[in-house]
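Q: Next comes entry-v7.csv, CSV, C-alpha atoms and all ligand atoms:
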```
chain,number,residue,atom,x,y,z
A,1,MET,CA,92.6,65.9,101.6
A,2,ALA,CA,92.0,69.2,99.8
A,3,VAL,CA,91.2,72.0,102.2
A,4,ILE,CA,90.8,74.6,99.5
A,5,GLU,CA,88.9,73.7,96.3
A,6,VAL,CA,88.6,76.3,93.5
A,7,GLU,CA,86.8,75.2,90.3
A,8,ASP,CA,86.5,77.6,87.4
A,9,VAL,CA,85.9,80.5,89.7
A,10,ARG,CA,85.2,83.9,88.2
A,11,ARG,CA,84.6,87.4,89.6
A,12,SER,CA,83.9,90.5,87.6
A,13,PHE,CA,83.4,94.1,88.6
A,14,THR,CA,81.6,96.7,86.7
A,15,VAL,CA,83.5,99.9,86.7
A,16,ARG,CA,82.4,103.3,85.2
A,17,THR,CA,84.9,105.0,82.9
A,18,GLY,CA,84.9,108.6,81.6
A,19,ASN,CA,84.2,111.7,83.6
A,20,GLY,CA,81.3,113.5,82.0
A,21,ARG,CA,78.0,113.1,83.9
A,22,TRP,CA,76.1,111.7,80.8
A,23,ARG,CA,79.0,110.2,79.0
A,24,ARG,CA,80.1,107.7,81.6
A,25,GLU,CA,80.4,104.2,80.2
A,26,LYS,CA,80.3,100.9,82.0
A,27,ARG,CA,83.1,98.4,81.6
A,28,GLU,CA,83.5,94.9,83.0
A,29,VAL,CA,86.8,94.1,84.7
A,30,ARG,CA,87.4,90.3,85.0
A,31,ALA,CA,89.4,90.3,88.2
A,32,VAL,CA,89.4,86.5,88.4
A,33,ASP,CA,88.7,84.7,85.2
A,34,GLY,CA,88.3,81.0,85.4
A,35,LEU,CA,90.6,79.9,88.3
A,36,THR,CA,91.0,76.2,89.1
A,37,PHE,CA,93.2,74.8,91.8
A,38,GLN,CA,93.2,72.7,95.0
A,39,VAL,CA,95.3,73.1,98.1
A,40,GLU,CA,95.9,70.0,100.3
A,41,GLU,CA,95.9,70.0,104.1
A,42,GLY,CA,99.2,71.2,105.5
A,43,GLU,CA,100.5,72.7,102.2
A,44,CYS,CA,102.2,76.1,102.2
A,45,VAL,CA,101.5,77.7,98.8
A,46,GLY,CA,102.8,81.0,97.5
A,47,TYR,CA,100.3,83.0,95.5
A,48,ILE,CA,102.0,85.5,93.4
A,49,GLY,CA,101.4,87.9,90.6
A,50,PRO,CA,101.8,91.5,89.5
A,51,ASN,CA,99.6,94.4,90.9
A,52,GLY,CA,96.0,94.0,89.8
A,53,ALA,CA,96.4,90.3,88.9
A,54,GLY,CA,93.5,89.1,91.0
A,55,LYS,CA,95.2,87.9,94.2
A,56,SER,CA,93.2,89.9,96.8
A,57,THR,CA,90.0,89.2,94.9
A,58,THR,CA,90.7,85.4,95.2
A,59,VAL,CA,91.5,85.7,98.9
A,60,LYS,CA,88.3,87.8,99.5
A,61,MET,CA,86.3,85.1,97.9
A,62,LEU,CA,88.0,82.4,99.9
A,63,THR,CA,87.2,84.2,103.1
A,64,GLY,CA,83.6,84.8,102.0
A,65,ILE,CA,83.8,88.6,101.8
A,66,LEU,CA,83.1,88.5,98.1
A,67,VAL,CA,80.7,86.3,96.3
A,68,PRO,CA,82.0,84.7,93.0
A,69,SER,CA,80.3,85.6,89.8
A,70,GLY,CA,80.7,81.9,88.7
A,71,GLY,CA,82.3,78.6,89.5
A,72,ARG,CA,82.6,76.6,92.7
A,73,LEU,CA,84.5,77.3,95.9
A,74,ARG,CA,85.0,75.2,99.1
A,75,VAL,CA,87.2,75.9,102.1
A,76,ALA,CA,87.3,73.3,104.8
A,77,GLY,CA,84.3,71.7,103.0
A,78,VAL,CA,82.1,74.8,103.1
A,79,ASP,CA,81.0,77.4,100.7
A,80,PRO,CA,82.7,80.5,102.1
A,81,ALA,CA,80.1,83.2,101.1
A,82,ALA,CA,77.2,81.1,102.3
A,83,ARG,CA,78.8,80.1,105.6
A,84,ARG,CA,81.0,83.0,106.4
A,85,ALA,CA,80.5,83.1,110.1
A,86,ALA,CA,81.1,79.3,110.5
A,87,LEU,CA,84.1,79.5,108.3
A,88,ALA,CA,85.6,82.4,110.4
A,89,ARG,CA,86.4,79.8,113.1
A,90,ARG,CA,88.4,77.7,110.7
A,91,ILE,CA,90.5,80.4,109.0
A,92,GLY,CA,93.0,83.1,110.1
A,93,VAL,CA,93.8,86.1,108.0
A,94,VAL,CA,96.8,88.5,108.2
A,95,PHE,CA,97.1,91.6,106.0
A,96,GLY,CA,100.5,93.2,106.1
A,97,GLN,CA,99.2,96.7,105.5
A,98,ARG,CA,96.2,96.6,107.9
A,99,THR,CA,95.8,95.3,111.4
A,100,THR,CA,93.0,93.4,113.1
A,101,LEU,CA,94.2,94.5,116.5
A,102,TRP,CA,92.5,97.2,118.6
A,103,TRP,CA,94.5,100.3,118.1
A,104,ASP,CA,94.1,101.9,121.5
A,105,LEU,CA,94.1,98.7,123.5
A,106,PRO,CA,97.1,96.7,124.8
A,107,LEU,CA,97.9,93.6,122.8
A,108,ARG,CA,96.7,91.4,125.6
A,109,ASP,CA,93.1,92.9,125.4
A,110,SER,CA,92.9,92.2,121.6
A,111,TYR,CA,93.7,88.6,122.3
A,112,GLU,CA,91.2,88.5,125.1
A,113,LEU,CA,88.5,89.7,122.7
A,114,ALA,CA,89.5,87.1,120.2
A,115,ARG,CA,89.2,84.5,122.9
A,116,ARG,CA,85.6,85.6,123.5
A,117,ILE,CA,84.6,86.1,119.8
A,118,TYR,CA,85.9,82.6,118.9
A,119,ARG,CA,84.8,81.1,122.2
A,120,ILE,CA,88.3,79.5,122.6
A,121,PRO,CA,88.4,77.0,125.5
A,122,ASP,CA,90.6,78.3,128.3
A,123,ALA,CA,93.3,75.6,128.2
A,124,ARG,CA,93.7,75.9,124.4
A,125,TYR,CA,93.8,79.7,124.6
A,126,ARG,CA,96.5,79.6,127.2
A,127,ALA,CA,98.6,77.1,125.3
A,128,ASN,CA,98.3,78.9,122.0
A,129,LEU,CA,99.0,82.3,123.6
A,130,ASP,CA,102.1,80.9,125.4
A,131,ARG,CA,103.4,79.4,122.2
A,132,CYS,CA,102.9,82.6,120.2
A,133,VAL,CA,104.4,84.8,123.0
A,134,GLU,CA,107.5,82.5,123.1
A,135,LEU,CA,108.0,82.1,119.4
A,136,LEU,CA,107.2,85.6,118.4
A,137,ASP,CA,108.9,87.2,121.4
A,138,LEU,CA,105.8,89.1,122.5
A,139,GLY,CA,106.3,88.9,126.3
A,140,ALA,CA,107.5,92.4,126.8
A,141,LEU,CA,104.8,93.8,124.4
A,142,LEU,CA,101.6,92.4,125.8
A,143,ASP,CA,100.7,95.4,127.9
A,144,THR,CA,101.7,98.0,125.2
A,145,PRO,CA,98.9,99.7,123.2
A,146,VAL,CA,99.0,98.6,119.6
A,147,ARG,CA,99.4,102.1,118.4
A,148,GLN,CA,102.8,102.3,120.2
A,149,LEU,CA,104.1,99.1,118.5
A,150,SER,CA,106.6,99.2,115.6
A,151,LEU,CA,105.5,97.7,112.3
A,152,GLY,CA,107.5,94.5,113.0
A,153,GLN,CA,106.1,94.2,116.5
A,154,ARG,CA,102.6,94.8,115.3
A,155,MET,CA,102.9,92.2,112.6
A,156,ARG,CA,104.0,89.7,115.1
A,157,GLY,CA,101.1,90.7,117.3
A,158,ASP,CA,98.7,90.2,114.3
A,159,LEU,CA,100.1,86.8,113.5
A,160,ALA,CA,99.4,85.7,117.1
A,161,ALA,CA,95.9,87.1,116.9
A,162,ALA,CA,95.2,85.1,113.7
A,163,LEU,CA,96.3,81.8,115.2
A,164,LEU,CA,94.8,81.8,118.8
A,165,HIS,CA,91.7,79.9,117.6
A,166,ASP,CA,93.8,77.2,115.8
A,167,PRO,CA,92.6,77.9,112.3
A,168,SER,CA,93.1,75.1,109.8
A,169,VAL,CA,93.8,77.6,107.0
A,170,LEU,CA,95.8,80.8,107.2
A,171,TYR,CA,95.8,83.5,104.5
A,172,LEU,CA,98.7,85.8,104.6
A,173,ASP,CA,98.8,89.0,102.5
A,174,GLU,CA,102.3,90.5,102.4
A,175,PRO,CA,103.2,89.5,105.9
A,176,THR,CA,106.8,90.7,105.7
A,177,ILE,CA,106.2,94.0,103.9
A,178,GLY,CA,108.2,96.9,105.4
A,179,LEU,CA,109.8,94.7,108.1
A,180,ASP,CA,113.5,94.9,109.0
A,181,VAL,CA,115.7,91.8,108.6
A,182,ILE,CA,115.3,90.6,112.2
A,183,SER,CA,111.5,90.8,112.2
A,184,ARG,CA,111.3,89.3,108.8
A,185,THR,CA,113.4,86.3,109.9
A,186,LYS,CA,111.3,85.9,113.0
A,187,VAL,CA,108.0,86.0,111.1
A,188,ARG,CA,109.3,83.5,108.6
A,189,GLU,CA,110.6,81.1,111.2
A,190,PHE,CA,107.2,81.3,113.1
A,191,LEU,CA,105.3,80.6,109.9
A,192,ARG,CA,107.5,77.7,109.0
A,193,GLU,CA,107.0,76.1,112.4
A,194,THR,CA,103.3,76.7,112.4
A,195,ASN,CA,102.9,75.1,109.0
A,196,ARG,CA,105.1,72.1,110.0
A,197,ASP,CA,104.0,71.5,113.5
A,198,ARG,CA,100.3,72.4,113.4
A,199,ARG,CA,99.8,71.3,109.8
A,200,THR,CA,98.1,74.7,109.2
A,201,THR,CA,97.4,75.1,105.5
A,202,VAL,CA,98.9,78.4,104.3
A,203,LEU,CA,98.2,80.6,101.3
A,204,LEU,CA,100.8,83.3,101.1
A,205,THR,CA,100.5,86.3,98.9
A,206,THR,CA,103.7,88.3,98.6
A,207,HIS,CA,105.9,90.3,96.3
A,208,ASP,CA,109.0,89.0,98.1
A,209,LEU,CA,110.3,85.9,96.4
A,210,THR,CA,112.5,85.2,99.4
A,211,ASP,CA,109.3,84.6,101.5
A,212,ILE,CA,108.2,82.1,98.9
A,213,GLU,CA,111.6,80.4,98.7
A,214,GLN,CA,111.9,80.0,102.4
A,215,LEU,CA,108.4,78.9,103.1
A,216,CYS,CA,106.6,77.4,100.1
A,217,GLY,CA,107.0,74.1,98.4
A,218,ARG,CA,104.6,75.1,95.7
A,219,VAL,CA,103.8,78.4,93.9
A,220,MET,CA,100.9,79.6,91.9
A,221,VAL,CA,101.3,82.5,89.6
A,222,ILE,CA,98.3,84.5,88.6
A,223,ASP,CA,98.1,87.2,85.9
A,224,HIS,CA,95.0,88.9,84.5
A,225,GLY,CA,92.8,86.6,86.7
A,226,ARG,CA,94.2,83.4,85.4
A,227,LEU,CA,96.8,80.9,86.6
A,228,VAL,CA,99.9,81.0,84.4
A,229,LEU,CA,101.9,78.6,86.5
A,230,ASP,CA,101.2,76.1,89.3
A,231,GLY,CA,103.9,73.8,90.5
A,232,PRO,CA,107.0,73.3,92.7
A,233,LEU,CA,109.2,76.4,93.3
A,234,GLU,CA,111.8,75.0,91.0
A,235,GLN,CA,109.3,75.1,88.2
A,236,LEU,CA,109.0,78.9,88.7
A,237,HIS,CA,112.7,79.3,88.4
A,238,ALA,CA,112.9,77.0,85.4
A,239,ALA,CA,109.9,78.6,83.7
A,240,GLY,CA,111.1,82.1,84.3
A,241,GLU,CA,114.8,81.2,83.9
A,242,SER,CA,114.9,83.8,86.7
A,243,GLU,CA,118.2,85.4,87.7
A,244,ARG,CA,119.4,86.9,90.9
A,245,THR,CA,121.8,89.8,90.9
A,246,LEU,CA,125.0,90.1,92.8
A,247,VAL,CA,125.7,93.8,93.3
A,248,VAL,CA,129.4,94.3,94.1
A,249,ASP,CA,131.3,97.4,95.1
A,250,LEU,CA,135.0,97.3,94.1
A,251,ALA,CA,137.7,99.5,95.6
A,252,ALA,CA,137.8,101.6,92.3
A,253,ALA,CA,136.1,101.8,88.9
A,254,HIS,CA,136.9,98.7,86.9
A,255,PRO,CA,136.1,97.3,83.4
A,256,PRO,CA,133.1,94.9,83.4
A,257,ILE,CA,133.8,91.8,85.5
A,258,GLU,CA,134.2,88.7,83.3
A,259,LEU,CA,133.3,85.3,84.9
A,260,PRO,CA,131.8,82.1,83.4
A,261,GLY,CA,128.0,81.8,83.8
A,262,VAL,CA,127.6,85.4,84.8
A,263,ARG,CA,126.3,88.4,82.9
A,264,THR,CA,127.6,91.8,83.9
A,265,VAL,CA,124.4,93.8,83.3
A,266,LYS,CA,125.4,97.3,84.6
A,267,VAL,CA,128.6,99.1,85.6
A,268,GLU,CA,128.4,102.4,87.5
A,269,GLY,CA,131.8,103.6,88.7
A,270,PRO,CA,133.1,101.1,91.3
A,271,ARG,CA,129.7,99.3,91.4
A,272,GLN,CA,128.8,96.4,89.1
A,273,TRP,CA,125.6,94.3,88.7
A,274,LEU,CA,126.2,90.6,88.0
A,275,ALA,CA,123.2,88.4,86.9
A,276,PHE,CA,123.4,84.7,87.7
A,277,PRO,CA,120.8,81.9,87.6
A,278,ALA,CA,118.5,82.1,90.6
A,279,ARG,CA,118.7,78.5,91.5
A,280,GLN,CA,122.5,78.6,91.9
A,281,SER,CA,124.1,79.5,95.2
A,282,ALA,CA,125.7,83.0,95.3
A,283,ALA,CA,128.6,81.7,97.5
A,284,PRO,CA,130.9,80.4,94.7
A,285,LEU,CA,130.3,83.6,92.7
A,286,VAL,CA,131.2,85.8,95.7
A,287,ALA,CA,134.3,83.7,96.3
A,288,ALA,CA,135.4,84.0,92.6
A,289,VAL,CA,134.8,87.8,92.6
A,290,ALA,CA,136.7,88.2,95.9
A,291,GLU,CA,139.6,86.2,94.6
A,292,ARG,CA,140.1,88.2,91.4
A,293,TYR,CA,138.8,91.7,92.1
A,294,PRO,CA,139.3,94.2,95.0
A,295,LEU,CA,135.9,93.6,96.6
A,296,VAL,CA,134.7,96.1,99.2
A,297,ASP,CA,131.0,95.3,99.7
A,298,LEU,CA,128.2,93.2,98.1
A,299,SER,CA,124.5,92.4,98.3
A,300,VAL,CA,122.3,89.9,96.5
A,301,ARG,CA,119.0,91.0,94.9
A,302,GLU,CA,116.2,88.6,94.3
A,303,PRO,CA,114.4,88.7,90.9
A,304,ALA,CA,111.2,90.8,90.8
A,305,ILE,CA,108.0,88.9,90.4
A,306,GLU,CA,107.1,91.0,87.4
A,307,ASP,CA,110.4,90.0,85.7
A,308,VAL,CA,109.8,86.4,86.3
A,309,ILE,CA,106.3,86.6,84.9
A,310,ALA,CA,107.5,88.6,81.9
A,311,ARG,CA,109.9,85.8,81.2
A,312,ILE,CA,107.2,83.1,81.5
A,313,TYR,CA,105.2,85.0,78.8
A,314,ALA,CA,108.3,85.4,76.7
A,315,GLY,CA,107.9,81.7,76.0
A,316,ALA,CA,110.4,80.2,78.3
A,317,ALA,CA,107.7,77.7,79.4
A,318,GLU,CA,104.2,76.5,78.6
A,319,PRO,CA,101.7,78.4,80.8
A,320,ALA,CA,99.6,76.2,83.1
A,321,ARG,CA,96.5,77.1,81.0
A,401,LIG,N1,85.8,96.5,94.3
A,401,LIG,C1,86.3,96.6,93.0
A,401,LIG,N2,85.7,97.3,92.1
A,401,LIG,C2,86.2,97.4,90.8
A,401,LIG,N3,87.3,96.8,90.4
A,401,LIG,C3,88.0,96.1,91.3
A,401,LIG,C4,87.5,95.9,92.7
A,401,LIG,N4,88.4,95.1,93.3
A,401,LIG,C5,89.4,94.8,92.4
A,401,LIG,N5,89.1,95.4,91.3
A,401,LIG,C6,89.9,95.2,90.0
A,401,LIG,O1,90.2,93.8,89.8
A,401,LIG,C7,91.5,93.6,89.4
A,401,LIG,C8,92.2,92.6,90.4
A,401,LIG,O2,92.4,93.3,91.6
A,401,LIG,P1,93.0,92.6,92.9
A,401,LIG,O3,93.0,93.6,94.0
A,401,LIG,O4,92.4,91.3,93.1
A,401,LIG,O5,94.6,92.4,92.4
A,401,LIG,P2,95.8,92.0,93.3
A,401,LIG,O6,96.5,90.9,92.5
A,401,LIG,O7,95.5,91.7,94.7
A,401,LIG,O8,96.7,93.3,93.2
A,401,LIG,P3,97.8,94.0,94.3
A,401,LIG,O9,99.0,93.2,94.2
A,401,LIG,O10,98.0,95.3,93.7
A,401,LIG,O11,97.1,94.0,95.6
A,401,LIG,C9,92.1,94.9,89.3
A,401,LIG,O12,92.0,95.4,87.9
A,401,LIG,C10,91.3,95.8,90.2
A,401,LIG,O13,91.3,97.2,89.7
```
What would the structure in this file look like if it were written as structure tokens?

A:
Amino acid sequence: MAVIEVEDVRRSFTVRTGNGRWRREKREVRAVDGLTFQVEEGECVGYIGPNGAGKSTTVKMLTGILVPSGGRLRVAGVDPAARRAALARRIGVVFGQRTTLWWDLPLRDSYELARRIYRIPDARYRANLDRCVELLDLGALLDTPVRQLSLGQRMRGDLAAALLHDPSVLYLDEPTIGLDVISRTKVREFLRETNRDRRTTVLLTTHDLTDIEQLCGRVMVIDHGRLVLDGPLEQLHAAGESERTLVVDLAAAHPPIELPGVRTVKVEGPRQWLAFPARQSAAPLVAAVAERYPLVDLSVREPAIEDVIARIYAGAAEPAR
């Protein structure tokens, strides 16, 4: 059953350009320009695109904050803008760069407020809170004012707040931005479990392709307000022919490394950048480098979303529309 239905949805903004008082002109920005997709119950879908592509505008329409200029939207069977208050009980929202928690209050008090606002029955509230506290390791933080939490702790706190009322749909906007490796891993594990065990439908907006790889079976790519790709993650890699980069530090400067299936894209003293197909494991390449060259250190860089989209446009695949 489709939980999110989007049919030829559009949203424009009128912006004024120029700086003279009399010479200002109006211009129409088509932030979302004829978007059509459906998300089934229990799916976890990555929603990606470059800055200004229309992702936030889409999510704002799906939560009922913005009214579409045209088209048809349904979330959990209702029109979000017309039934915003009713829909609030069915959805959870987490913005990586903002918090819904009360800044000066201990975490526990923000949860208590959510309990009252959403009128969550006691037993359900207890069970959900216990689950979040355990999985997100929040026990020691419940009595700490939010302003004293680190970014990673606050994000875990925000995730719990978004899920206490058992929403059927969860919108996540950059949930791992700025987090250290440990917090990022914890957040991803929690999201994976929530999606799997609770069948929570997740729409995940991120610039971090690792989030998508670890969580989403399907990915939608938006650019200039239109979907340019919608399909399984493998399709993104195939369409973008995306590459990851192995950055190696050798013991000393060395001529460019030569290995089959690898492009050495940059050499700077003892450091070299080796591009390889994103769908391949890095392990055999690391082993091959270590065997033949004096390897001191290494890291793997994921492809930037902008690069993947640029490759889609370069004609590596037929866009979705
Ligand atoms: N309230 C607004 N008034 C005017 N223009 C807007 C408004 N909101 C968004 N836009 C414009 O609509 C387009 C899409 O913006 P949107 O915020 O949806 O992009 P995004 O994909 O979320 O980008 P980012 O990754 O930077 O968050 C941009 O050109 C933006 O400038």

Q: Name each residue within 8 Å of ligand LIG 401 (chain A), counting all atoms listed in the file, as a ChimeraX atom specification.

A: /A:12-15,29-32,48-58,207,222-225

Q: Name the closest residue to Leu236 in chain A among the candidates A:Arg119, A:Arg72, A:Arg188, A:Arg279; distances are taken between atoms, counting only C-alpha atoms.

A: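 Smallest separation from Leu236 in chain A among the options: A:Arg279.
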
Q: Give me, please, the distance in Å between CA of Arg126 in chain A and CA of Val45 in chain A, quoted to one decimal.

A: 28.9 Å

Q: Restricting the calculation to all atoms listed in the file, which member of A:Thr176, A:Ser183, A:Ser69, A:Thr144 is positioned closest to Thr205 in chain A?

A: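 Between A:Thr176, A:Ser183, A:Ser69, A:Thr144, the residue approaching Thr205 in chain A most closely is A:Thr176.
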
Q: Let me make sure I understand: among A:Glu302, A:Glu174, A:Glu28, A:Glu291, which one has the smallest atom-to-atom distance to Leu259 in chain A if we use all atoms listed in the file?

A: A:Glu291
